[in-house]
$ cat input19.txt   # compact mmCIF, C-alpha atoms and all ligand atoms
# COMPACT_ATOMS: atom_id res chain seq x y z
CA MET A 254 58.35 -41.28 111.26
CA ASN A 255 61.56 -43.15 111.90
CA GLN A 256 61.62 -46.28 113.96
CA HIS A 257 64.40 -46.78 116.48
CA GLU A 258 65.44 -50.36 116.99
CA TYR A 259 67.47 -52.03 119.75
CA PHE A 260 68.57 -55.58 119.05
CA GLY A 261 70.39 -58.21 121.09
CA PHE A 262 70.63 -59.86 124.48
CA GLY A 263 69.89 -57.35 127.23
CA SER A 264 68.66 -54.72 124.75
CA ILE A 265 65.44 -54.35 126.77
CA LYS A 266 67.50 -52.55 129.43
CA ASN A 267 67.78 -49.58 127.03
CA LEU A 268 64.10 -48.88 127.66
CA LYS A 269 65.11 -47.07 130.85
CA THR A 270 67.17 -44.53 128.87
CA ILE A 271 64.29 -43.91 126.47
CA LEU A 272 61.83 -43.38 129.30
CA ASP A 273 64.26 -41.16 131.22
CA GLU A 274 64.46 -38.90 128.17
CA GLY A 275 60.68 -38.55 127.85
CA ASN A 276 58.20 -36.75 130.08
CA GLN A 277 55.50 -39.37 130.33
CA ARG A 278 53.77 -40.15 133.61
CA ASN A 279 51.02 -42.54 132.63
CA ILE A 280 51.88 -45.64 130.61
CA PHE A 281 49.35 -47.99 129.06
CA LEU A 282 50.88 -51.47 129.03
CA VAL A 283 49.40 -54.12 126.73
CA SER A 284 50.72 -57.62 127.35
CA GLY A 285 49.98 -61.31 127.19
CA GLY A 286 48.47 -62.95 130.27
CA LYS A 287 50.90 -65.66 131.35
CA SER A 288 53.61 -64.80 128.81
CA TYR A 289 54.34 -61.45 130.46
CA LYS A 290 55.79 -63.31 133.42
CA SER A 291 57.04 -66.49 131.75
CA SER A 292 58.99 -64.58 129.06
CA GLY A 293 60.96 -62.79 131.78
CA ALA A 294 59.57 -59.41 130.64
CA GLU A 295 57.87 -58.72 133.96
CA GLN A 296 61.09 -59.19 135.84
CA GLU A 297 63.03 -56.96 133.44
CA LEU A 298 60.39 -54.24 133.32
CA SER A 299 59.13 -54.05 136.90
CA LYS A 300 62.04 -51.83 138.03
CA ILE A 301 62.15 -49.75 134.85
CA LEU A 302 58.42 -49.04 135.01
CA ALA A 303 58.24 -48.50 138.79
CA PRO A 304 58.34 -44.66 138.62
CA TYR A 305 55.28 -44.50 136.34
CA THR A 306 51.56 -45.03 136.72
CA ILE A 307 50.89 -48.20 134.77
CA THR A 308 47.53 -49.34 133.43
CA ARG A 309 47.93 -52.91 132.23
CA PHE A 310 45.53 -54.48 129.73
CA TYR A 311 45.99 -58.17 129.11
CA ASN A 312 42.75 -60.03 129.34
CA PHE A 313 41.90 -60.67 125.69
CA SER A 314 41.94 -63.60 123.28
CA PRO A 315 44.50 -64.08 120.49
CA ASN A 316 43.68 -62.70 117.01
CA PRO A 317 42.33 -59.30 118.17
CA LYS A 318 38.55 -59.04 118.26
CA LEU A 319 36.79 -55.72 117.98
CA GLU A 320 34.93 -56.24 121.27
CA ASP A 321 38.27 -56.72 123.08
CA VAL A 322 39.67 -53.62 121.38
CA GLU A 323 36.62 -51.65 122.59
CA LYS A 324 37.14 -52.97 126.11
CA GLY A 325 40.76 -51.87 125.90
CA ILE A 326 39.74 -48.40 124.69
CA ASP A 327 37.44 -48.03 127.73
CA VAL A 328 40.30 -48.93 130.08
CA PHE A 329 42.70 -46.68 128.15
CA LYS A 330 40.40 -43.67 128.46
CA ARG A 331 40.12 -43.89 132.25
CA GLU A 332 43.46 -42.06 132.48
CA GLU A 333 45.24 -39.44 130.39
CA GLN A 334 47.75 -41.84 128.79
CA ASP A 335 51.14 -40.54 127.61
CA LEU A 336 52.75 -43.64 126.15
CA VAL A 337 51.83 -47.19 125.11
CA ILE A 338 54.09 -50.22 125.56
CA ALA A 339 53.25 -53.60 123.98
CA VAL A 340 54.97 -56.70 125.32
CA GLY A 341 54.03 -59.98 123.65
CA GLY A 342 53.38 -61.71 120.36
CA GLY A 343 51.76 -60.38 117.20
CA SER A 344 48.24 -60.29 118.67
CA VAL A 345 49.42 -58.23 121.65
CA ILE A 346 51.31 -55.72 119.50
CA ASP A 347 48.36 -55.48 117.10
CA MET A 348 46.02 -54.96 120.05
CA ALA A 349 48.23 -52.13 121.36
CA LYS A 350 48.27 -50.49 117.91
CA LEU A 351 44.49 -50.75 117.69
CA ILE A 352 43.71 -49.39 121.16
CA ASN A 353 46.27 -46.62 120.83
CA SER A 354 45.22 -45.40 117.41
CA LEU A 355 41.47 -45.93 117.75
CA SER A 356 41.35 -44.12 121.13
CA ALA A 357 42.62 -41.05 119.34
CA GLN A 358 39.93 -41.02 116.63
CA PRO A 359 36.75 -38.96 116.88
CA GLY A 360 34.50 -41.67 115.40
CA ASN A 361 33.29 -45.15 116.24
CA PRO A 362 36.11 -47.81 116.34
CA GLU A 363 34.15 -50.14 114.06
CA ASP A 364 34.04 -47.54 111.26
CA TYR A 365 37.85 -47.35 111.20
CA ALA A 366 38.16 -51.12 111.42
CA ILE A 367 36.10 -51.54 108.26
CA GLY A 368 37.94 -48.93 106.26
CA LYS A 369 37.45 -45.33 107.42
CA LYS A 370 40.74 -43.43 107.27
CA ILE A 371 42.53 -42.75 110.53
CA GLU A 372 42.43 -39.01 111.14
CA SER A 373 44.75 -38.36 114.07
CA MET A 374 47.83 -39.73 115.72
CA GLY A 375 47.79 -41.70 118.96
CA ASN A 376 50.51 -41.81 121.62
CA PRO A 377 54.04 -42.99 120.92
CA LEU A 378 54.13 -46.79 120.87
CA ILE A 379 56.96 -49.04 122.04
CA ALA A 380 56.93 -52.69 120.93
CA ILE A 381 58.74 -55.50 122.73
CA PRO A 382 58.08 -58.82 120.97
CA THR A 383 58.26 -62.06 122.94
CA THR A 384 57.71 -64.33 119.92
CA SER A 385 59.67 -64.67 116.68
CA GLY A 386 57.09 -64.57 113.96
CA ALA A 387 54.46 -62.00 113.24
CA GLY A 388 56.89 -59.13 112.76
CA SER A 389 54.11 -56.79 113.90
CA GLU A 390 56.73 -54.62 115.59
CA ALA A 391 58.00 -53.75 112.09
CA THR A 392 54.67 -53.00 110.39
CA HIS A 393 52.26 -50.08 110.27
CA PHE A 394 49.12 -52.20 110.27
CA ALA A 395 47.09 -54.39 112.63
CA VAL A 396 44.62 -57.19 112.15
CA VAL A 397 41.20 -57.09 113.80
CA TYR A 398 38.31 -59.55 113.60
CA ILE A 399 34.68 -58.48 113.58
CA GLY A 400 32.79 -61.71 114.13
CA LYS A 401 34.62 -64.21 111.93
CA THR A 402 35.74 -61.64 109.37
CA LYS A 403 39.24 -60.24 109.34
CA TYR A 404 40.02 -56.60 108.66
CA SER A 405 43.33 -54.84 108.46
CA LEU A 406 43.85 -51.32 109.68
CA GLY A 407 46.87 -49.26 108.88
CA HIS A 408 48.51 -45.89 108.78
CA GLN A 409 51.87 -45.41 107.11
CA GLU A 410 53.28 -43.21 109.87
CA TRP A 411 51.02 -43.32 112.89
CA MET A 412 50.76 -47.04 113.50
CA LEU A 413 54.39 -48.06 113.19
CA PRO A 414 55.92 -48.49 116.68
CA ARG A 415 58.37 -45.69 117.42
CA TYR A 416 60.77 -47.86 119.43
CA VAL A 417 61.36 -51.59 119.15
CA PHE A 418 63.31 -53.78 121.55
CA LEU A 419 64.28 -57.14 120.11
CA ASP A 420 65.69 -59.05 123.05
CA PRO A 421 66.08 -62.77 122.24
CA ALA A 422 66.14 -63.70 125.94
CA LEU A 423 62.40 -62.90 126.07
CA THR A 424 61.73 -65.69 123.55
CA PHE A 425 63.57 -68.48 125.44
CA ASP A 426 60.44 -69.69 127.15
CA LEU A 427 58.29 -69.97 124.03
CA PRO A 428 56.53 -73.36 123.91
CA LYS A 429 57.32 -75.68 121.02
CA TYR A 430 54.04 -75.23 119.12
CA ILE A 431 54.17 -71.42 119.34
CA THR A 432 57.82 -71.41 118.21
CA ALA A 433 56.79 -73.52 115.21
CA SER A 434 53.64 -71.63 114.35
CA THR A 435 55.09 -68.13 114.70
CA GLY A 436 58.32 -69.14 112.97
CA ILE A 437 56.50 -70.55 109.96
CA ASP A 438 54.39 -67.36 109.86
CA ALA A 439 57.63 -65.43 109.43
CA LEU A 440 58.69 -67.73 106.59
CA CYS A 441 55.30 -67.38 104.88
CA GLN A 442 55.54 -63.62 105.21
CA ALA A 443 59.00 -63.52 103.66
CA ILE A 444 58.00 -65.78 100.74
CA GLU A 445 54.69 -64.04 100.11
CA SER A 446 56.41 -60.69 100.28
CA TYR A 447 58.92 -61.85 97.70
CA TRP A 448 56.27 -62.65 95.10
CA SER A 449 53.77 -59.94 96.11
CA THR A 450 52.56 -57.66 93.32
CA GLN A 451 53.51 -54.77 95.63
CA SER A 452 57.10 -55.89 96.21
CA THR A 453 59.91 -53.38 95.75
CA GLY A 454 63.68 -53.70 95.61
CA GLU A 455 63.78 -52.85 99.31
CA SER A 456 61.09 -55.34 100.40
CA LYS A 457 62.77 -58.08 98.36
CA LYS A 458 66.09 -57.31 100.01
CA TYR A 459 64.52 -57.80 103.46
CA ALA A 460 62.81 -61.03 102.36
CA ARG A 461 66.04 -62.34 100.82
CA GLN A 462 67.82 -61.72 104.11
CA ALA A 463 65.02 -63.27 106.19
CA ILE A 464 64.54 -66.56 104.31
CA PRO A 465 68.00 -68.15 104.81
CA LEU A 466 68.04 -67.12 108.48
CA ILE A 467 64.66 -68.72 109.14
CA LEU A 468 65.45 -71.81 107.05
CA ALA A 469 68.70 -72.45 108.87
CA ASN A 470 67.28 -71.98 112.36
CA LEU A 471 63.57 -72.75 112.57
CA THR A 472 63.77 -76.53 112.99
CA ALA A 473 66.46 -76.21 115.65
CA ALA A 474 64.61 -73.39 117.44
CA VAL A 475 61.61 -75.74 117.73
CA ASN A 476 63.37 -79.03 118.53
CA ALA A 477 66.62 -77.93 120.20
CA PRO A 478 66.28 -74.27 121.19
CA SER A 479 69.49 -72.39 121.95
CA PRO A 480 70.27 -68.72 122.58
CA LYS A 481 71.82 -68.50 119.11
CA ASN A 482 68.91 -69.96 117.13
CA ARG A 483 66.41 -67.92 119.17
CA GLU A 484 68.41 -64.79 118.39
CA VAL A 485 68.57 -65.49 114.65
CA MET A 486 64.86 -66.36 114.50
CA LEU A 487 63.97 -63.05 116.15
CA LEU A 488 66.06 -61.23 113.56
CA GLY A 489 64.63 -63.27 110.67
CA ALA A 490 61.06 -62.61 111.78
CA ASN A 491 61.75 -58.92 112.13
CA LEU A 492 63.22 -58.76 108.61
CA ALA A 493 60.17 -60.61 107.26
CA GLY A 494 58.01 -58.04 109.07
CA LYS A 495 59.94 -55.23 107.39
CA ALA A 496 59.37 -56.94 104.03
CA ILE A 497 55.57 -57.17 104.43
CA ASN A 498 55.43 -53.67 105.84
CA ILE A 499 56.19 -52.63 102.25
CA SER A 500 54.67 -55.40 100.12
CA LYS A 501 51.83 -56.78 102.29
CA THR A 502 50.99 -60.50 102.26
CA THR A 503 49.19 -62.50 99.57
CA ALA A 504 47.06 -65.62 99.00
CA CYS A 505 48.33 -67.88 101.83
CA HIS A 506 47.45 -65.21 104.38
CA SER A 507 44.14 -64.49 102.67
CA VAL A 508 43.07 -68.15 102.78
CA SER A 509 44.37 -68.53 106.35
CA TYR A 510 41.93 -66.11 107.98
CA PRO A 511 38.81 -68.34 107.82
CA ILE A 512 40.96 -71.38 108.76
CA THR A 513 41.83 -69.49 111.94
CA SER A 514 38.47 -67.91 112.68
CA TYR A 515 36.23 -70.90 111.88
CA PHE A 516 38.50 -73.81 112.83
CA GLY A 517 40.76 -72.34 115.52
CA VAL A 518 44.05 -73.13 113.76
CA SER A 519 46.72 -70.70 114.95
CA HIS A 520 47.65 -67.96 112.49
CA GLY A 521 51.08 -69.11 111.32
CA HIS A 522 50.01 -72.74 111.08
CA ALA A 523 46.96 -71.73 109.03
CA CYS A 524 49.15 -69.74 106.61
CA ALA A 525 51.61 -72.62 106.25
CA LEU A 526 48.92 -75.09 105.15
CA THR A 527 48.71 -73.67 101.62
CA LEU A 528 52.28 -72.34 101.29
CA GLY A 529 53.81 -75.24 99.34
CA GLU A 530 50.80 -75.53 97.01
CA MET A 531 50.79 -71.78 96.44
CA CYS A 532 54.47 -71.97 95.35
CA LEU A 533 53.47 -74.47 92.70
CA PHE A 534 50.35 -72.53 91.72
CA ASN A 535 52.19 -69.22 91.33
CA SER A 536 55.01 -70.83 89.37
CA LYS A 537 52.47 -71.72 86.64
CA VAL A 538 51.48 -68.10 86.06
CA THR A 539 50.80 -67.01 82.48
CA GLU A 540 50.26 -63.56 80.96
CA ASN A 541 46.51 -64.32 81.02
CA ASP A 542 46.24 -64.74 84.78
CA CYS A 543 49.21 -62.62 85.93
CA LEU A 544 48.26 -59.85 88.38
CA ASP A 545 51.75 -58.38 88.61
CA LYS A 546 52.21 -55.43 86.23
CA ARG A 547 55.82 -56.52 85.74
CA GLY A 548 54.57 -59.58 83.85
CA ALA A 549 54.52 -63.38 84.08
CA LYS A 550 58.23 -63.75 83.28
CA TYR A 551 59.08 -61.51 86.21
CA VAL A 552 56.91 -63.62 88.52
CA GLN A 553 58.51 -66.84 87.24
CA GLN A 554 61.92 -65.29 87.85
CA ASN A 555 60.87 -64.56 91.46
CA LEU A 556 59.84 -68.18 91.87
CA SER A 557 63.14 -69.40 90.52
CA GLU A 558 64.97 -67.05 92.93
CA LEU A 559 62.90 -68.50 95.77
CA CYS A 560 63.95 -71.99 94.61
CA SER A 561 67.59 -70.88 94.82
CA LEU A 562 67.10 -69.44 98.31
CA PHE A 563 65.78 -72.87 99.33
CA GLN A 564 68.62 -74.58 97.43
CA THR A 565 66.18 -76.37 95.17
CA GLN A 566 65.95 -76.54 91.39
CA THR A 567 62.21 -76.61 90.68
CA PRO A 568 58.94 -75.36 92.22
CA GLU A 569 58.01 -79.02 92.87
CA GLN A 570 61.18 -79.46 94.92
CA LEU A 571 60.46 -76.17 96.67
CA GLN A 572 56.98 -77.39 97.58
CA HIS A 573 58.44 -80.67 98.84
CA LYS A 574 61.05 -78.90 100.96
CA ILE A 575 58.42 -76.64 102.55
CA HIS A 576 56.27 -79.69 103.29
CA GLN A 577 59.23 -81.42 104.92
CA LEU A 578 60.03 -78.36 107.01
CA ILE A 579 56.46 -78.09 108.30
CA ASN A 580 56.61 -81.76 109.28
CA GLN A 581 59.97 -81.33 110.98
CA ILE A 582 58.61 -78.59 113.20
CA GLY A 583 55.72 -80.82 114.23
CA LEU A 584 52.82 -79.10 112.50
CA ASN A 585 50.06 -81.01 110.73
CA THR A 586 50.06 -80.43 107.00
CA LYS A 587 46.65 -81.97 106.26
CA LEU A 588 43.28 -80.31 106.73
CA THR A 589 41.76 -83.60 107.84
CA ASP A 590 44.18 -83.76 110.78
CA LEU A 591 42.81 -80.40 111.87
CA ASN A 592 39.18 -81.59 111.74
CA ILE A 593 38.57 -79.73 108.50
CA THR A 594 36.95 -82.65 106.77
CA ALA A 595 33.50 -82.00 105.36
CA PRO A 596 32.67 -80.41 101.98
CA GLU A 597 30.91 -77.60 103.90
CA HIS A 598 34.21 -76.85 105.61
CA HIS A 599 35.87 -76.28 102.25
CA ASP A 600 32.88 -74.14 101.20
CA LEU A 601 33.39 -71.98 104.28
CA ILE A 602 37.08 -71.46 103.50
CA VAL A 603 36.34 -70.65 99.86
CA ALA A 604 33.50 -68.28 100.78
CA ASN A 605 35.69 -66.36 103.24
CA GLY A 606 39.22 -66.91 101.92
CA PHE A 607 39.23 -64.20 99.27
CA ASN A 608 40.31 -61.25 101.36
CA PRO A 609 40.36 -58.45 98.78
CA GLU A 610 43.31 -56.63 100.43
CA ARG A 611 45.43 -59.77 100.24
CA VAL A 612 44.51 -61.87 97.17
CA LYS A 613 45.01 -58.90 94.90
CA ASN A 614 48.68 -58.98 95.94
CA ASN A 615 49.06 -62.56 94.77
CA PRO A 616 51.03 -62.64 91.52
CA ARG A 617 48.64 -65.13 89.91
CA GLU A 618 44.89 -64.70 90.02
CA LEU A 619 43.46 -67.20 92.48
CA THR A 620 40.13 -68.51 91.21
CA GLU A 621 37.56 -70.38 93.25
CA ILE A 622 38.27 -73.56 91.28
CA ALA A 623 42.01 -73.22 91.90
CA LEU A 624 41.48 -72.73 95.63
CA ARG A 625 39.14 -75.73 95.79
CA ASN A 626 41.82 -77.84 94.07
CA ILE A 627 44.47 -76.66 96.51
CA LEU A 628 42.21 -77.48 99.48
CA LYS A 629 41.56 -80.93 98.02
CA ARG A 630 45.28 -81.62 97.65
CA ILE A 631 46.01 -80.68 101.25
CA SER A 632 43.06 -82.71 102.63
FE FE B 1 51.22 -63.53 109.37
$ encode --input "input19.txt" --output "structure tokens" --more "lines below"
Ligand SMILES: [Fe+2]
Amino acid sequence: MNQHEYFGFGSIKNLKTILDEGNQRNIFLVSGGKSYKSSGAEQELSKILAPYTITRFYNFSPNPKLEDVEKGIDVFKREEQDLVIAVGGGSVIDMAKLINSLSAQPGNPEDYAIGKKIESMGNPLIAIPTTSGAGSEATHFAVVYIGKTKYSLGHQEWMLPRYVFLDPALTFDLPKYITASTGIDALCQAIESYWSTQSTGESKKYARQAIPLILANLTAAVNAPSPKNREVMLLGANLAGKAINISKTTACHSVSYPITSYFGVSHGHACALTLGEMCLFNSKVTENDCLDKRGAKYVQQNLSELCSLFQTQTPEQLQHKIHQLINQIGLNTKLTDLNITAPEHHDLIVANGFNPERVKNNPRELTEIALRNILKRIS
């Protein structure tokens, strides 16, 4: 299925044309709570959506939980829905993907969340991001938590949003911390995509485009937001989303999930904590611990290309530059500053940080000892 994309200031207005061409009556709208209004989306959409019967679902916590998805499915099924629109950040778009696709399955939602294959297509999905980070609008998968454990659900064709509206004006109101956290998520995704064992020429092209855009604009978007840097960040995040749609993410994302679910650190921030260290770790790959079939030399070449994209010479300088960037955007870089202090805390991260779908994409095998060392260095 092809995705149709509208990009630029005012692009959200094109939604009217798309809806005029369709024959939907009932629309299921998934959105953030406060952000739906504060982003300006409500004002833009209220007229466009006025002719339709809208069921809005918005009362759920970030990082989609299965119980919230099930609540959403109950609300969804009260009407015969024709179309789903998601307006919000990555959690909102993931939630819309989950409700839409799981409502269409004959079985229990939990079974699909833990790995059963999706058997039928849901309604067409339209994604309108109001953050610049997750890139969920560009991917065919969604994250869901059952208890503290993260699962990823995907379908190559049926979960990718059919239409995407990337209107930078909707990101103007993003608070500083969310701009930083979602923006660094996009950078992590681009870097991890670049070294992923599942990377392709196409995914690397997207990541190569995303990295300089994010690097040149993230600090300013956080500390001195302007229409221009908001616009470029939205584009950079979308390109990073397109990159991971092909390659998936790797060790930083894998380790981040328990940091988010047990310690409440927001997703992008949690990913960023190990990013610099993981650059260094992956740069020391050998044939003995290389997971990429293309070999250790290929992985080292990727690392040296990443150094060039960051205008650095060595992985140590790359690590330093990433550390500086995270500081500049006001995020803590130390676990102790995030109340992750005790040895049991590290045990919890190690016990739950090896997400099999993600660590296997890391170019160098991450052992328990290596992860413990990384956690120690960022304490
Ligand atoms: Fe992410």
$ closest_residue --input "input19.txt" --among "A:Glu530, A:Val283, A:Leu578, A:Tyr398" --to "A:Ala473" --atoms "all atoms listed in the file"
A:Leu578
$ residues_near_ligand --input "input19.txt" --ligand "ligand FE 1 (chain B)" --cutoff "10 Å" --atoms "all atoms listed in the file" --output "PyMOL selection string"
chain A and resi 343+386-389+396+434-443+445+493-494+497+501-502+505-507+509-510+520-525
$ closest_residue --input "input19.txt" --among "A:Ala433, A:Leu378, A:Ala391, A:Ile280" --to "A:Glu332" --atoms "only C-alpha atoms"
A:Ile280
$ residues_around --input "input19.txt" --residues "stretch 544-547 of chain A" --least-positions-apart "6" --cutoff "12 Å" --atoms "all atoms listed in the file" --output "PDB file with C-alpha atoms, in the frame of the given file"
ATOM      1  CA  TRP A 448      56.270 -62.650  95.100  1.00  0.00           C
ATOM      2  CA  SER A 449      53.770 -59.940  96.110  1.00  0.00           C
ATOM      3  CA  THR A 450      52.560 -57.660  93.320  1.00  0.00           C
ATOM      4  CA  GLN A 451      53.510 -54.770  95.630  1.00  0.00           C
ATOM      5  CA  SER A 452      57.100 -55.890  96.210  1.00  0.00           C
ATOM      6  CA  THR A 453      59.910 -53.380  95.750  1.00  0.00           C
ATOM      7  CA  THR A 503      49.190 -62.500  99.570  1.00  0.00           C
ATOM      8  CA  ASN A 535      52.190 -69.220  91.330  1.00  0.00           C
ATOM      9  CA  VAL A 538      51.480 -68.100  86.060  1.00  0.00           C
ATOM     10  CA  GLN A 553      58.510 -66.840  87.240  1.00  0.00           C
ATOM     11  CA  GLN A 554      61.920 -65.290  87.850  1.00  0.00           C
ATOM     12  CA  ASN A 555      60.870 -64.560  91.460  1.00  0.00           C
ATOM     13  CA  VAL A 612      44.510 -61.870  97.170  1.00  0.00           C
ATOM     14  CA  LYS A 613      45.010 -58.900  94.900  1.00  0.00           C
ATOM     15  CA  ASN A 614      48.680 -58.980  95.940  1.00  0.00           C
ATOM     16  CA  ASN A 615      49.060 -62.560  94.770  1.00  0.00           C
ATOM     17  CA  PRO A 616      51.030 -62.640  91.520  1.00  0.00           C
ATOM     18  CA  ARG A 617      48.640 -65.130  89.910  1.00  0.00           C
ATOM     19  CA  GLU A 618      44.890 -64.700  90.020  1.00  0.00           C
ATOM     20  CA  LEU A 619      43.460 -67.200  92.480  1.00  0.00           C
TER      21      LEU A 619
END
$ residues_around --input "input19.txt" --residues "A:Ser632" --least-positions-apart "3" --cutoff "7 Å" --atoms "all atoms listed in the file" --output "PyMOL selection string"
chain A and resi 587-589+628-629
$ residues_near_point --input "input19.txt" --point "(62.2, -68.1, 95.7)" --cutoff "9 Å" --atoms "all atoms listed in the file" --output "list in words"
Ile444, Tyr447, Trp448, Arg461, Cys532, Gln554, Asn555, Leu556, Ser557, Glu558, Leu559, Cys560, Ser561, Leu562, Phe563, Pro568 and Leu571 of chain A
$ residues_around --input "input19.txt" --residues "A:Lys495" --least-positions-apart "3" --cutoff "8 Å" --atoms "all atoms listed in the file" --output "PyMOL selection string"
chain A and resi 388+391-392+456+459+491-492+498-499
$ closest_residue --input "input19.txt" --among "A:Ala380, A:Ala595, A:Ile367, A:Leu488" --to "A:Val337" --atoms "all atoms listed in the file"
A:Ala380
$ residues_near_point --input "input19.txt" --point "(51.3, -42.1, 122.4)" --cutoff "7 Å" --atoms "only C-alpha atoms" --output "PDB file with C-alpha atoms, in the coordinates of the input"
ATOM      1  CA  ASP A 335      51.140 -40.540 127.610  1.00  0.00           C
ATOM      2  CA  LEU A 336      52.750 -43.640 126.150  1.00  0.00           C
ATOM      3  CA  VAL A 337      51.830 -47.190 125.110  1.00  0.00           C
ATOM      4  CA  ASN A 353      46.270 -46.620 120.830  1.00  0.00           C
ATOM      5  CA  GLY A 375      47.790 -41.700 118.960  1.00  0.00           C
ATOM      6  CA  ASN A 376      50.510 -41.810 121.620  1.00  0.00           C
ATOM      7  CA  PRO A 377      54.040 -42.990 120.920  1.00  0.00           C
ATOM      8  CA  LEU A 378      54.130 -46.790 120.870  1.00  0.00           C
TER       9      LEU A 378
END
$ closest_residue --input "input19.txt" --among "A:Ala496, A:Leu406, A:Ile381, A:Ala490" --to "A:Gly454" --atoms "only C-alpha atoms"
A:Ala496
$ closest_residue --input "input19.txt" --among "A:Ala366, A:Phe516, A:Arg309, A:Ala422" --to "A:Gln296" --atoms "all atoms listed in the file"
A:Ala422
$ closest_residue --input "input19.txt" --among "A:Val340, A:Leu319, A:Leu591, A:Ala294" --to "A:Tyr515" --atoms "all atoms listed in the file"
A:Leu591
$ atom_distance --input "input19.txt" --atom1 "atom CA of A:Glu372" --atom2 "atom CA of A:Arg415"
18.4 Å
$ residues_around --input "input19.txt" --residues "A:Asn470" --least-positions-apart "5" --cutoff "9 Å" --atoms "all atoms listed in the file" --output "list in words"
Pro465, Val475, Lys481, Asn482, Arg483, Val485 and Met486 of chain A
$ residues_around --input "input19.txt" --residues "A:Glu320" --least-positions-apart "6" --cutoff "12 Å" --atoms "only C-alpha atoms" --output "PDB file with C-alpha atoms, in the coordinates of the input"
ATOM      1  CA  ASN A 312      42.750 -60.030 129.340  1.00  0.00           C
ATOM      2  CA  PHE A 313      41.900 -60.670 125.690  1.00  0.00           C
ATOM      3  CA  SER A 314      41.940 -63.600 123.280  1.00  0.00           C
ATOM      4  CA  ILE A 326      39.740 -48.400 124.690  1.00  0.00           C
ATOM      5  CA  ASP A 327      37.440 -48.030 127.730  1.00  0.00           C
ATOM      6  CA  MET A 348      46.020 -54.960 120.050  1.00  0.00           C
ATOM      7  CA  LEU A 351      44.490 -50.750 117.690  1.00  0.00           C
ATOM      8  CA  ILE A 352      43.710 -49.390 121.160  1.00  0.00           C
ATOM      9  CA  PRO A 362      36.110 -47.810 116.340  1.00  0.00           C
ATOM     10  CA  GLU A 363      34.150 -50.140 114.060  1.00  0.00           C
ATOM     11  CA  ALA A 366      38.160 -51.120 111.420  1.00  0.00           C
ATOM     12  CA  VAL A 397      41.200 -57.090 113.800  1.00  0.00           C
ATOM     13  CA  TYR A 398      38.310 -59.550 113.600  1.00  0.00           C
ATOM     14  CA  ILE A 399      34.680 -58.480 113.580  1.00  0.00           C
ATOM     15  CA  GLY A 400      32.790 -61.710 114.130  1.00  0.00           C
TER      16      GLY A 400
END
$ atom_distance --input "input19.txt" --atom1 "atom CA of A:Leu355" --atom2 "atom CA of A:Gln277"
20.0 Å
$ atom_distance --input "input19.txt" --atom1 "atom CA of A:Ile307" --atom2 "atom CA of A:Thr384"
23.0 Å
$ axis_aligned_box --input "input19.txt" --around "stretch 533-542 of chain A" --padding-each-side "3 Å" --output "lines of an AutoDock Vina configuration file"
center_x = 50.6
center_y = -69.0
center_z = 86.8
size_x = 14.8
size_y = 16.9
size_z = 17.7
$ build_atoms --input "input19.txt" --residues "stretch 498-505 of chain A" --atoms "N, CA, C and O atoms" --output "PDB file, in the frame of the given file"
ATOM      1  N   ASN A 498      55.827 -55.052 105.569  1.00  0.00           N
ATOM      2  CA  ASN A 498      55.430 -53.670 105.840  1.00  0.00           C
ATOM      3  C   ASN A 498      55.356 -52.885 104.523  1.00  0.00           C
ATOM      4  O   ASN A 498      54.555 -51.975 104.374  1.00  0.00           O
ATOM      5  N   ILE A 499      56.185 -53.286 103.568  1.00  0.00           N
ATOM      6  CA  ILE A 499      56.190 -52.630 102.250  1.00  0.00           C
ATOM      7  C   ILE A 499      55.236 -53.332 101.278  1.00  0.00           C
ATOM      8  O   ILE A 499      54.424 -52.708 100.613  1.00  0.00           O
ATOM      9  N   SER A 500      55.345 -54.664 101.220  1.00  0.00           N
ATOM     10  CA  SER A 500      54.670 -55.400 100.120  1.00  0.00           C
ATOM     11  C   SER A 500      53.306 -55.958 100.493  1.00  0.00           C
ATOM     12  O   SER A 500      52.545 -56.337  99.616  1.00  0.00           O
ATOM     13  N   LYS A 501      53.005 -56.069 101.786  1.00  0.00           N
ATOM     14  CA  LYS A 501      51.830 -56.780 102.290  1.00  0.00           C
ATOM     15  C   LYS A 501      51.943 -58.286 101.977  1.00  0.00           C
ATOM     16  O   LYS A 501      52.849 -58.705 101.264  1.00  0.00           O
ATOM     17  N   THR A 502      50.990 -59.054 102.508  1.00  0.00           N
ATOM     18  CA  THR A 502      50.990 -60.500 102.260  1.00  0.00           C
ATOM     19  C   THR A 502      50.033 -60.837 101.110  1.00  0.00           C
ATOM     20  O   THR A 502      49.399 -59.940 100.553  1.00  0.00           O
ATOM     21  N   THR A 503      49.935 -62.129 100.776  1.00  0.00           N
ATOM     22  CA  THR A 503      49.190 -62.500  99.570  1.00  0.00           C
ATOM     23  C   THR A 503      48.199 -63.643  99.861  1.00  0.00           C
ATOM     24  O   THR A 503      47.537 -63.629 100.891  1.00  0.00           O
ATOM     25  N   ALA A 504      48.138 -64.623  98.960  1.00  0.00           N
ATOM     26  CA  ALA A 504      47.060 -65.620  99.000  1.00  0.00           C
ATOM     27  C   ALA A 504      47.105 -66.531 100.240  1.00  0.00           C
ATOM     28  O   ALA A 504      46.058 -66.864 100.798  1.00  0.00           O
ATOM     29  N   CYS A 505      48.287 -66.966 100.675  1.00  0.00           N
ATOM     30  CA  CYS A 505      48.330 -67.880 101.830  1.00  0.00           C
ATOM     31  C   CYS A 505      47.718 -67.199 103.055  1.00  0.00           C
ATOM     32  O   CYS A 505      46.963 -67.824 103.812  1.00  0.00           O
TER      33      CYS A 505
END
